[in-house]
>>> print(open('start-v7.txt').read())   # compact mmCIF, C-alpha atoms
# COMPACT_ATOMS: atom_id res chain seq x y z
CA MET A 1385 -3.95 -11.14 -11.61
CA SER A 1386 -4.43 -8.59 -8.83
CA GLY A 1387 -0.69 -8.71 -8.01
CA GLU A 1388 0.37 -7.90 -11.58
CA LYS A 1389 1.89 -4.49 -12.19
CA SER A 1390 2.57 -2.53 -15.34
CA LYS A 1391 2.74 0.99 -16.68
CA TYR A 1392 0.83 0.04 -19.84
CA TRP A 1393 -2.52 -1.79 -19.85
CA VAL A 1394 -4.95 -2.79 -22.59
CA GLY A 1395 -8.54 -3.96 -22.41
CA VAL A 1396 -11.47 -4.91 -24.60
CA LEU A 1397 -14.56 -2.87 -23.75
CA TYR A 1398 -18.13 -3.30 -24.96
CA PRO A 1399 -20.05 -0.11 -25.87
CA GLU A 1400 -23.34 -1.69 -24.76
CA ASN A 1401 -21.95 -1.66 -21.20
CA MET A 1402 -20.33 1.77 -21.43
CA ILE A 1403 -21.65 5.21 -20.65
CA SER A 1404 -23.43 6.50 -23.75
CA ASP A 1405 -21.16 9.50 -24.30
CA TRP A 1406 -17.91 7.67 -23.57
CA GLU A 1407 -16.17 8.97 -26.70
CA ASP A 1408 -16.88 12.56 -25.67
CA VAL A 1409 -15.79 12.18 -22.02
CA ILE A 1410 -13.06 9.51 -22.14
CA ALA A 1411 -10.24 12.06 -21.72
CA GLU A 1412 -11.70 13.57 -18.56
CA LYS A 1413 -12.88 10.23 -17.16
CA ILE A 1414 -9.57 8.37 -17.31
CA GLN A 1415 -7.27 11.44 -17.08
CA LEU A 1416 -4.31 9.52 -18.54
CA PRO A 1417 -2.79 9.14 -22.02
CA PHE A 1418 -4.74 6.61 -24.09
CA ALA A 1419 -5.23 5.17 -27.56
CA TYR A 1420 -8.19 3.16 -28.79
CA CYS A 1421 -9.93 1.82 -31.86
CA VAL A 1422 -13.58 0.82 -32.19
CA HIS A 1423 -13.84 -2.60 -33.82
CA ASN A 1424 -17.17 -2.73 -35.62
CA ARG A 1425 -16.24 -4.83 -38.67
CA ASP A 1426 -14.58 -7.89 -37.09
CA VAL A 1427 -15.76 -11.36 -38.08
CA ASP A 1428 -15.17 -14.73 -36.46
CA SER A 1429 -13.78 -17.88 -38.10
CA GLU A 1430 -17.26 -18.65 -39.48
CA LYS A 1431 -17.32 -15.18 -41.15
CA GLU A 1432 -20.09 -14.10 -38.74
CA LYS A 1433 -19.96 -10.50 -37.59
CA ARG A 1434 -18.54 -10.15 -34.07
CA LYS A 1435 -20.04 -7.94 -31.42
CA GLU A 1436 -18.79 -4.35 -31.56
CA HIS A 1437 -15.99 -3.72 -29.08
CA VAL A 1438 -13.26 -1.23 -28.29
CA HIS A 1439 -9.56 -1.95 -27.79
CA LEU A 1440 -8.28 0.64 -25.31
CA MET A 1441 -4.65 1.07 -24.20
CA ILE A 1442 -3.95 3.32 -21.20
CA VAL A 1443 -0.55 4.65 -20.13
CA PHE A 1444 -0.10 5.23 -16.40
CA ARG A 1445 2.44 7.68 -15.00
CA ASN A 1446 4.09 4.91 -12.98
CA THR A 1447 3.83 1.17 -12.70
CA THR A 1448 0.40 0.37 -11.28
CA THR A 1449 -1.47 -2.69 -10.11
CA TYR A 1450 -4.06 -4.64 -12.03
CA ASN A 1451 -6.76 -3.58 -9.56
CA HIS A 1452 -5.97 0.12 -9.90
CA ALA A 1453 -5.79 -0.10 -13.70
CA MET A 1454 -9.11 -1.97 -13.77
CA SER A 1455 -10.74 0.75 -11.63
CA VAL A 1456 -9.67 3.36 -14.22
CA TYR A 1457 -11.17 1.29 -17.04
CA GLN A 1458 -14.39 0.89 -15.08
CA THR A 1459 -14.91 4.68 -15.01
CA LEU A 1460 -16.30 4.18 -18.53
CA SER A 1461 -18.93 1.67 -17.38
CA ALA A 1462 -22.63 2.48 -17.52
CA GLU A 1463 -24.39 2.45 -14.18
CA GLY A 1464 -24.80 -1.09 -12.88
CA LYS A 1465 -22.66 -2.56 -15.67
CA SER A 1466 -19.04 -3.49 -16.26
CA CYS A 1467 -17.53 -2.33 -19.55
CA THR A 1468 -14.76 -4.95 -19.40
CA ASN A 1469 -14.11 -8.09 -17.41
CA LYS A 1470 -10.38 -8.37 -18.15
CA ILE A 1471 -7.40 -6.18 -18.88
CA GLU A 1472 -3.84 -7.23 -19.72
CA ARG A 1473 -0.35 -5.88 -19.20
CA VAL A 1474 1.30 -4.57 -22.34
CA PHE A 1475 4.78 -5.93 -22.98
CA SER A 1476 5.33 -4.30 -26.37
CA VAL A 1477 3.82 -0.83 -26.59
CA ARG A 1478 4.42 -0.56 -30.34
CA GLY A 1479 3.04 -4.06 -30.94
CA LYS A 1480 -0.15 -3.35 -28.99
CA TYR A 1481 -0.47 0.10 -30.57
CA ASN A 1482 -0.37 -1.55 -34.00
CA TYR A 1483 -2.75 -4.28 -32.85
CA LEU A 1484 -5.37 -1.62 -32.04
CA ILE A 1485 -5.96 -1.40 -35.81
CA HIS A 1486 -4.89 -5.00 -36.58
CA ASP A 1487 -1.66 -3.87 -38.22
CA THR A 1488 0.52 -6.82 -37.13
CA ASP A 1489 1.94 -9.87 -38.88
CA ASP A 1490 -0.26 -12.15 -36.77
CA CYS A 1491 -3.41 -10.21 -37.69
CA ARG A 1492 -2.49 -10.38 -41.38
CA LYS A 1493 -1.94 -14.15 -41.14
CA LYS A 1494 -5.34 -14.54 -39.49
CA LYS A 1495 -6.87 -12.23 -42.12
CA LYS A 1496 -8.29 -9.87 -39.51
CA VAL A 1497 -9.91 -6.67 -40.70
CA LEU A 1498 -7.29 -3.91 -41.02
CA TYR A 1499 -8.69 -0.66 -39.66
CA ASP A 1500 -7.53 2.66 -41.09
CA LYS A 1501 -4.92 4.53 -39.03
CA THR A 1502 -7.34 7.45 -38.74
CA LEU A 1503 -9.64 5.21 -36.67
CA ARG A 1504 -6.99 4.86 -33.98
CA ILE A 1505 -7.87 7.66 -31.57
CA GLU A 1506 -5.31 9.09 -29.17
CA GLY A 1507 -5.84 11.45 -26.26
CA ASN A 1508 -4.37 13.13 -23.18
CA GLY A 1509 -0.94 13.51 -24.76
CA PHE A 1510 -0.48 9.91 -25.90
CA ASP A 1511 2.94 9.73 -27.62
CA ILE A 1512 3.94 6.34 -29.01
CA GLY A 1513 7.55 7.46 -29.64
CA LEU A 1514 7.99 8.44 -26.00
CA TYR A 1515 6.76 5.08 -24.71
CA GLU A 1516 9.07 3.04 -26.91
CA GLN A 1517 12.15 4.27 -25.07
CA VAL A 1518 12.74 1.87 -22.23
CA SER A 1519 14.03 3.58 -19.08
CA VAL A 1520 16.47 2.04 -16.60
CA ASP A 1521 13.60 1.57 -14.12
CA GLU A 1522 11.51 -0.18 -16.77
CA GLN A 1523 14.48 -2.41 -17.66
CA GLU A 1524 14.82 -3.39 -14.00
CA GLU A 1525 11.09 -4.13 -13.90
CA MET A 1526 11.38 -6.22 -17.07
CA ILE A 1527 14.29 -8.20 -15.57
CA ASP A 1528 12.26 -8.74 -12.37
CA ASN A 1529 9.28 -9.91 -14.40
CA MET A 1530 11.31 -12.37 -16.47
CA SER A 1531 13.00 -13.62 -13.29
CA GLU A 1532 9.61 -14.24 -11.67
CA VAL A 1533 8.44 -16.18 -14.71
CA ILE A 1534 11.60 -18.31 -14.72
CA MET A 1535 11.08 -19.13 -11.05
CA GLU A 1536 7.32 -19.75 -11.42
CA CYS A 1537 7.85 -22.03 -14.41
CA GLY A 1538 10.76 -23.74 -12.69
CA PHE A 1539 13.18 -23.41 -15.62
CA THR A 1540 16.40 -25.18 -14.67
CA ASN A 1541 17.89 -24.92 -18.14
CA PHE A 1542 19.09 -21.61 -19.65
CA PHE A 1543 18.07 -22.66 -23.16
CA GLU A 1544 14.47 -23.38 -22.08
CA ALA A 1545 14.24 -20.04 -20.28
CA PHE A 1546 15.57 -18.20 -23.33
CA ALA A 1547 13.21 -20.06 -25.67
CA TYR A 1548 10.29 -19.10 -23.42
CA VAL A 1549 11.29 -15.42 -23.45
CA LYS A 1550 11.66 -15.46 -27.25
CA ASP A 1551 8.19 -17.01 -27.64
CA HIS A 1552 6.32 -14.92 -25.06
CA TYR A 1553 7.96 -11.49 -24.94
CA ASP A 1554 8.78 -8.64 -27.29
CA LYS A 1555 12.20 -7.89 -28.78
CA ASP A 1556 13.09 -5.43 -25.98
CA HIS A 1557 12.76 -8.24 -23.44
CA VAL A 1558 14.80 -10.60 -25.62
CA ARG A 1559 17.59 -8.01 -25.98
CA LEU A 1560 17.56 -7.38 -22.24
CA PHE A 1561 17.67 -11.14 -21.59
CA ARG A 1562 20.73 -11.45 -23.85
CA ARG A 1563 22.49 -8.49 -22.20
CA ASN A 1564 21.88 -10.10 -18.80
CA SER A 1565 22.49 -13.70 -19.86
CA GLY A 1566 24.98 -14.30 -17.03
CA PHE A 1567 22.38 -13.36 -14.43
CA PHE A 1568 19.67 -15.49 -16.03
CA GLU A 1569 22.03 -18.44 -16.48
CA ARG A 1570 22.93 -18.30 -12.76
CA LEU A 1571 19.23 -18.05 -11.90
CA THR A 1572 18.33 -21.18 -13.89
CA ARG A 1573 21.37 -23.03 -12.48
CA GLY A 1574 20.33 -22.00 -8.98
CA LEU A 1575 16.87 -23.46 -9.51
CA TYR A 1576 18.44 -26.72 -10.65
>>> encode(input="start-v7.txt", output="structure tokens")
Amino acid sequence: MSGEKSKYWVGVLYPENMISDWEDVIAEKIQLPFAYCVHNRDVDSEKEKRKEHVHLMIVFRNTTTYNHAMSVYQTLSAEGKSCTNKIERVFSVRGKYNYLIHDTDDCRKKKKVLYDKTLRIEGNGFDIGLYEQVSVDEQEEMIDNMSEVIMECGFTNFFEAFAYVKDHYDKDHVRLFRRNSGFFERLTRGLY
């Protein structure tokens, strides 16, 4: 985990472990563009109410490490507590942005509570349209990431590598994989 890098990170935070005025000071504490939604109506598979939590996505200026991103999240922790124990890289900014309010096909299938768009709070200049445009540097990073996964998983077959990307990544990654199919085919052949 500590070696992971990304420009976009998301975490689940628990208000009971956060500073009491976190909603008032979040912008100055994290000092980066963010979007969040407080989930206070979620239920589990038994229809029991789940503990209140916050889904928070932060956009960093550049690609940053897991440890650095986690330290930014922890600025919202109450003294002696940890507001989150895990954060994740975001592969699809739009997908995660929609997930903040459970506005995804998967959430609808699972019958998760759909939160109103007005409950998705943005700050510090968060601009979803800006983040959806994938830069050349981000494309290179995406190619590097998919290459690392292919090598770690030991894919020796192009079809298996492509199937994995289709199942585990967003459509931008899939398009990029297709546009660079020659490179990825040579990579899988090289591992064979």
>>> closest_residue(input="start-v7.txt", among="A:Asp1500, A:Lys1495, A:His1452, A:Val1558", to="Ser1429 in chain A", atoms="all atoms listed in the file")
A:Lys1495
>>> atom_distance(input="start-v7.txt", atom1="CA of Val1396 in chain A", atom2="CA of Met1441 in chain A")
9.1 Å
>>> closest_residue(input="start-v7.txt", among="A:Ser1466, A:Thr1447, A:Asn1424, A:Asn1482", to="Glu1525 in chain A", atoms="all atoms listed in the file")
A:Thr1447
>>> residues_around(input="start-v7.txt", residues="Asp1511 in chain A", least_positions_apart="6", cutoff="10 Å", atoms="only C-alpha atoms", output="list in words")
Pro1417, Phe1418, Ala1419 and Val1443 of chain A
>>> residues_around(input="start-v7.txt", residues="Asn1529 in chain A", least_positions_apart="6", cutoff="12 Å", atoms="only C-alpha atoms", output="PyMOL selection string")
chain A and resi 1387-1390+1473+1475+1522-1523+1535-1536+1549+1553+1557+1560-1561+1568
>>> closest_residue(input="start-v7.txt", among="A:Gly1464, A:Gly1566, A:Pro1399, A:Gly1513", to="Val1438 in chain A", atoms="all atoms listed in the file")
A:Pro1399
>>> closest_residue(input="start-v7.txt", among="A:Arg1562, A:Arg1425, A:Lys1470, A:Lys1493", to="Leu1440 in chain A", atoms="all atoms listed in the file")
A:Lys1470
>>> closest_residue(input="start-v7.txt", among="A:Val1520, A:Ile1534, A:Val1422, A:Ile1471", to="Gly1574 in chain A", atoms="all atoms listed in the file")
A:Ile1534
>>> closest_residue(input="start-v7.txt", among="A:Thr1572, A:Glu1407, A:Ser1565, A:Ile1512", to="Asn1541 in chain A", atoms="all atoms listed in the file")
A:Thr1572
>>> residues_near_point(input="start-v7.txt", point="(6.5, 5.1, -26.8)", cutoff="10 Å", atoms="all atoms listed in the file", output="VMD selection string")
chain A and resid 1443 1476 to 1478 1481 1510 to 1518
>>> atom_distance(input="start-v7.txt", atom1="CA of Tyr1420 in chain A", atom2="CA of Lys1555 in chain A")
23.2 Å
>>> atom_distance(input="start-v7.txt", atom1="CA of Glu1430 in chain A", atom2="CA of Asn1401 in chain A")
25.4 Å
>>> residues_around(input="start-v7.txt", residues="Asp1405 in chain A", least_positions_apart="4", cutoff="10 Å", atoms="only C-alpha atoms", output="PyMOL selection string")
chain A and resi 1399+1409-1410+1460+1462
>>> residues_near_point(input="start-v7.txt", point="(19.0, -20.4, -16.2)", cutoff="7 Å", atoms="only C-alpha atoms", output="mmCIF file with C-alpha atoms, in the coordinates of the input")
data_model
loop_
_atom_site.group_PDB
_atom_site.id
_atom_site.type_symbol
_atom_site.label_atom_id
_atom_site.label_comp_id
_atom_site.auth_asym_id
_atom_site.auth_seq_id
_atom_site.Cartn_x
_atom_site.Cartn_y
_atom_site.Cartn_z
ATOM 1 C CA PHE A 1539 13.180 -23.410 -15.620
ATOM 2 C CA THR A 1540 16.400 -25.180 -14.670
ATOM 3 C CA ASN A 1541 17.890 -24.920 -18.140
ATOM 4 C CA PHE A 1542 19.090 -21.610 -19.650
ATOM 5 C CA ALA A 1545 14.240 -20.040 -20.280
ATOM 6 C CA PHE A 1568 19.670 -15.490 -16.030
ATOM 7 C CA GLU A 1569 22.030 -18.440 -16.480
ATOM 8 C CA ARG A 1570 22.930 -18.300 -12.760
ATOM 9 C CA LEU A 1571 19.230 -18.050 -11.900
ATOM 10 C CA THR A 1572 18.330 -21.180 -13.890
ATOM 11 C CA ARG A 1573 21.370 -23.030 -12.480
#
>>> decode(input="start-v7.txt", residues="range 1440-1475 of chain A", atoms="N, CA and C atoms", output="compact mmCIF listing (two decimals), in the first residue's frame")
# COMPACT_ATOMS: atom_id res chain seq x y z
N LEU A 1440 -15.04 10.61 1.35
CA LEU A 1440 -14.30 11.82 1.00
C LEU A 1440 -13.28 11.54 -0.10
N MET A 1441 -13.40 12.27 -1.22
CA MET A 1441 -12.43 12.17 -2.31
C MET A 1441 -11.60 13.45 -2.31
N ILE A 1442 -10.27 13.28 -2.38
CA ILE A 1442 -9.36 14.41 -2.41
C ILE A 1442 -8.55 14.36 -3.71
N VAL A 1443 -8.36 15.53 -4.30
CA VAL A 1443 -7.58 15.67 -5.53
C VAL A 1443 -6.27 16.35 -5.18
N PHE A 1444 -5.16 15.68 -5.44
CA PHE A 1444 -3.84 16.25 -5.19
C PHE A 1444 -3.34 16.94 -6.46
N ARG A 1445 -2.45 17.89 -6.28
CA ARG A 1445 -1.92 18.64 -7.43
C ARG A 1445 -1.12 17.74 -8.36
N ASN A 1446 -0.42 16.79 -7.79
CA ASN A 1446 0.40 15.84 -8.54
C ASN A 1446 0.15 14.45 -7.98
N THR A 1447 0.68 13.47 -8.66
CA THR A 1447 0.61 12.11 -8.13
C THR A 1447 1.31 12.08 -6.78
N THR A 1448 0.69 11.45 -5.81
CA THR A 1448 1.27 11.40 -4.46
C THR A 1448 1.17 10.00 -3.90
N THR A 1449 1.96 9.73 -2.89
CA THR A 1449 2.00 8.39 -2.31
C THR A 1449 0.84 8.16 -1.36
N TYR A 1450 0.59 6.90 -1.11
CA TYR A 1450 -0.43 6.50 -0.14
C TYR A 1450 -0.17 7.15 1.21
N ASN A 1451 1.07 7.09 1.68
CA ASN A 1451 1.40 7.64 3.00
C ASN A 1451 1.14 9.12 3.08
N HIS A 1452 1.51 9.87 2.04
CA HIS A 1452 1.25 11.31 2.06
C HIS A 1452 -0.25 11.59 2.03
N ALA A 1453 -0.98 10.88 1.16
CA ALA A 1453 -2.43 11.07 1.08
C ALA A 1453 -3.07 10.74 2.43
N MET A 1454 -2.64 9.66 3.05
CA MET A 1454 -3.21 9.29 4.36
C MET A 1454 -2.95 10.39 5.39
N SER A 1455 -1.76 11.00 5.36
CA SER A 1455 -1.46 12.06 6.33
C SER A 1455 -2.39 13.26 6.16
N VAL A 1456 -2.81 13.53 4.91
CA VAL A 1456 -3.76 14.62 4.67
C VAL A 1456 -5.14 14.24 5.24
N TYR A 1457 -5.57 13.03 5.00
CA TYR A 1457 -6.84 12.58 5.58
C TYR A 1457 -6.82 12.68 7.11
N GLN A 1458 -5.71 12.31 7.69
CA GLN A 1458 -5.62 12.27 9.16
C GLN A 1458 -5.66 13.66 9.79
N THR A 1459 -5.54 14.73 9.01
CA THR A 1459 -5.66 16.07 9.59
C THR A 1459 -7.07 16.31 10.12
N LEU A 1460 -8.01 15.47 9.72
CA LEU A 1460 -9.40 15.59 10.20
C LEU A 1460 -9.67 14.73 11.44
N SER A 1461 -8.66 14.03 11.92
CA SER A 1461 -8.83 13.15 13.08
C SER A 1461 -8.89 13.94 14.38
N ALA A 1462 -9.74 13.49 15.29
CA ALA A 1462 -9.77 14.05 16.64
C ALA A 1462 -8.48 13.63 17.35
N GLU A 1463 -8.11 14.37 18.35
CA GLU A 1463 -6.88 14.08 19.07
C GLU A 1463 -6.90 12.65 19.64
N GLY A 1464 -5.83 11.92 19.35
CA GLY A 1464 -5.70 10.56 19.85
C GLY A 1464 -6.50 9.53 19.08
N LYS A 1465 -7.15 9.94 17.97
CA LYS A 1465 -7.97 9.02 17.19
C LYS A 1465 -7.54 9.05 15.72
N SER A 1466 -8.02 8.06 14.98
CA SER A 1466 -7.77 8.00 13.55
C SER A 1466 -9.12 8.00 12.85
N CYS A 1467 -9.35 8.98 11.99
CA CYS A 1467 -10.66 9.10 11.35
C CYS A 1467 -10.89 8.05 10.27
N THR A 1468 -9.80 7.47 9.75
CA THR A 1468 -9.92 6.42 8.74
C THR A 1468 -8.74 5.47 8.88
N ASN A 1469 -8.96 4.22 8.54
CA ASN A 1469 -7.84 3.27 8.60
C ASN A 1469 -7.41 2.82 7.21
N LYS A 1470 -8.11 3.33 6.16
CA LYS A 1470 -7.77 2.90 4.81
C LYS A 1470 -8.26 3.93 3.81
N ILE A 1471 -7.42 4.20 2.83
CA ILE A 1471 -7.84 5.01 1.69
C ILE A 1471 -7.49 4.22 0.43
N GLU A 1472 -8.11 4.60 -0.68
CA GLU A 1472 -7.90 3.87 -1.94
C GLU A 1472 -7.62 4.84 -3.08
N ARG A 1473 -6.84 4.37 -4.04
CA ARG A 1473 -6.64 5.14 -5.27
C ARG A 1473 -7.95 5.17 -6.04
N VAL A 1474 -8.17 6.26 -6.73
CA VAL A 1474 -9.35 6.40 -7.59
C VAL A 1474 -8.91 6.17 -9.02
N PHE A 1475 -9.55 5.22 -9.69
CA PHE A 1475 -9.24 4.94 -11.09
C PHE A 1475 -10.20 5.66 -12.02
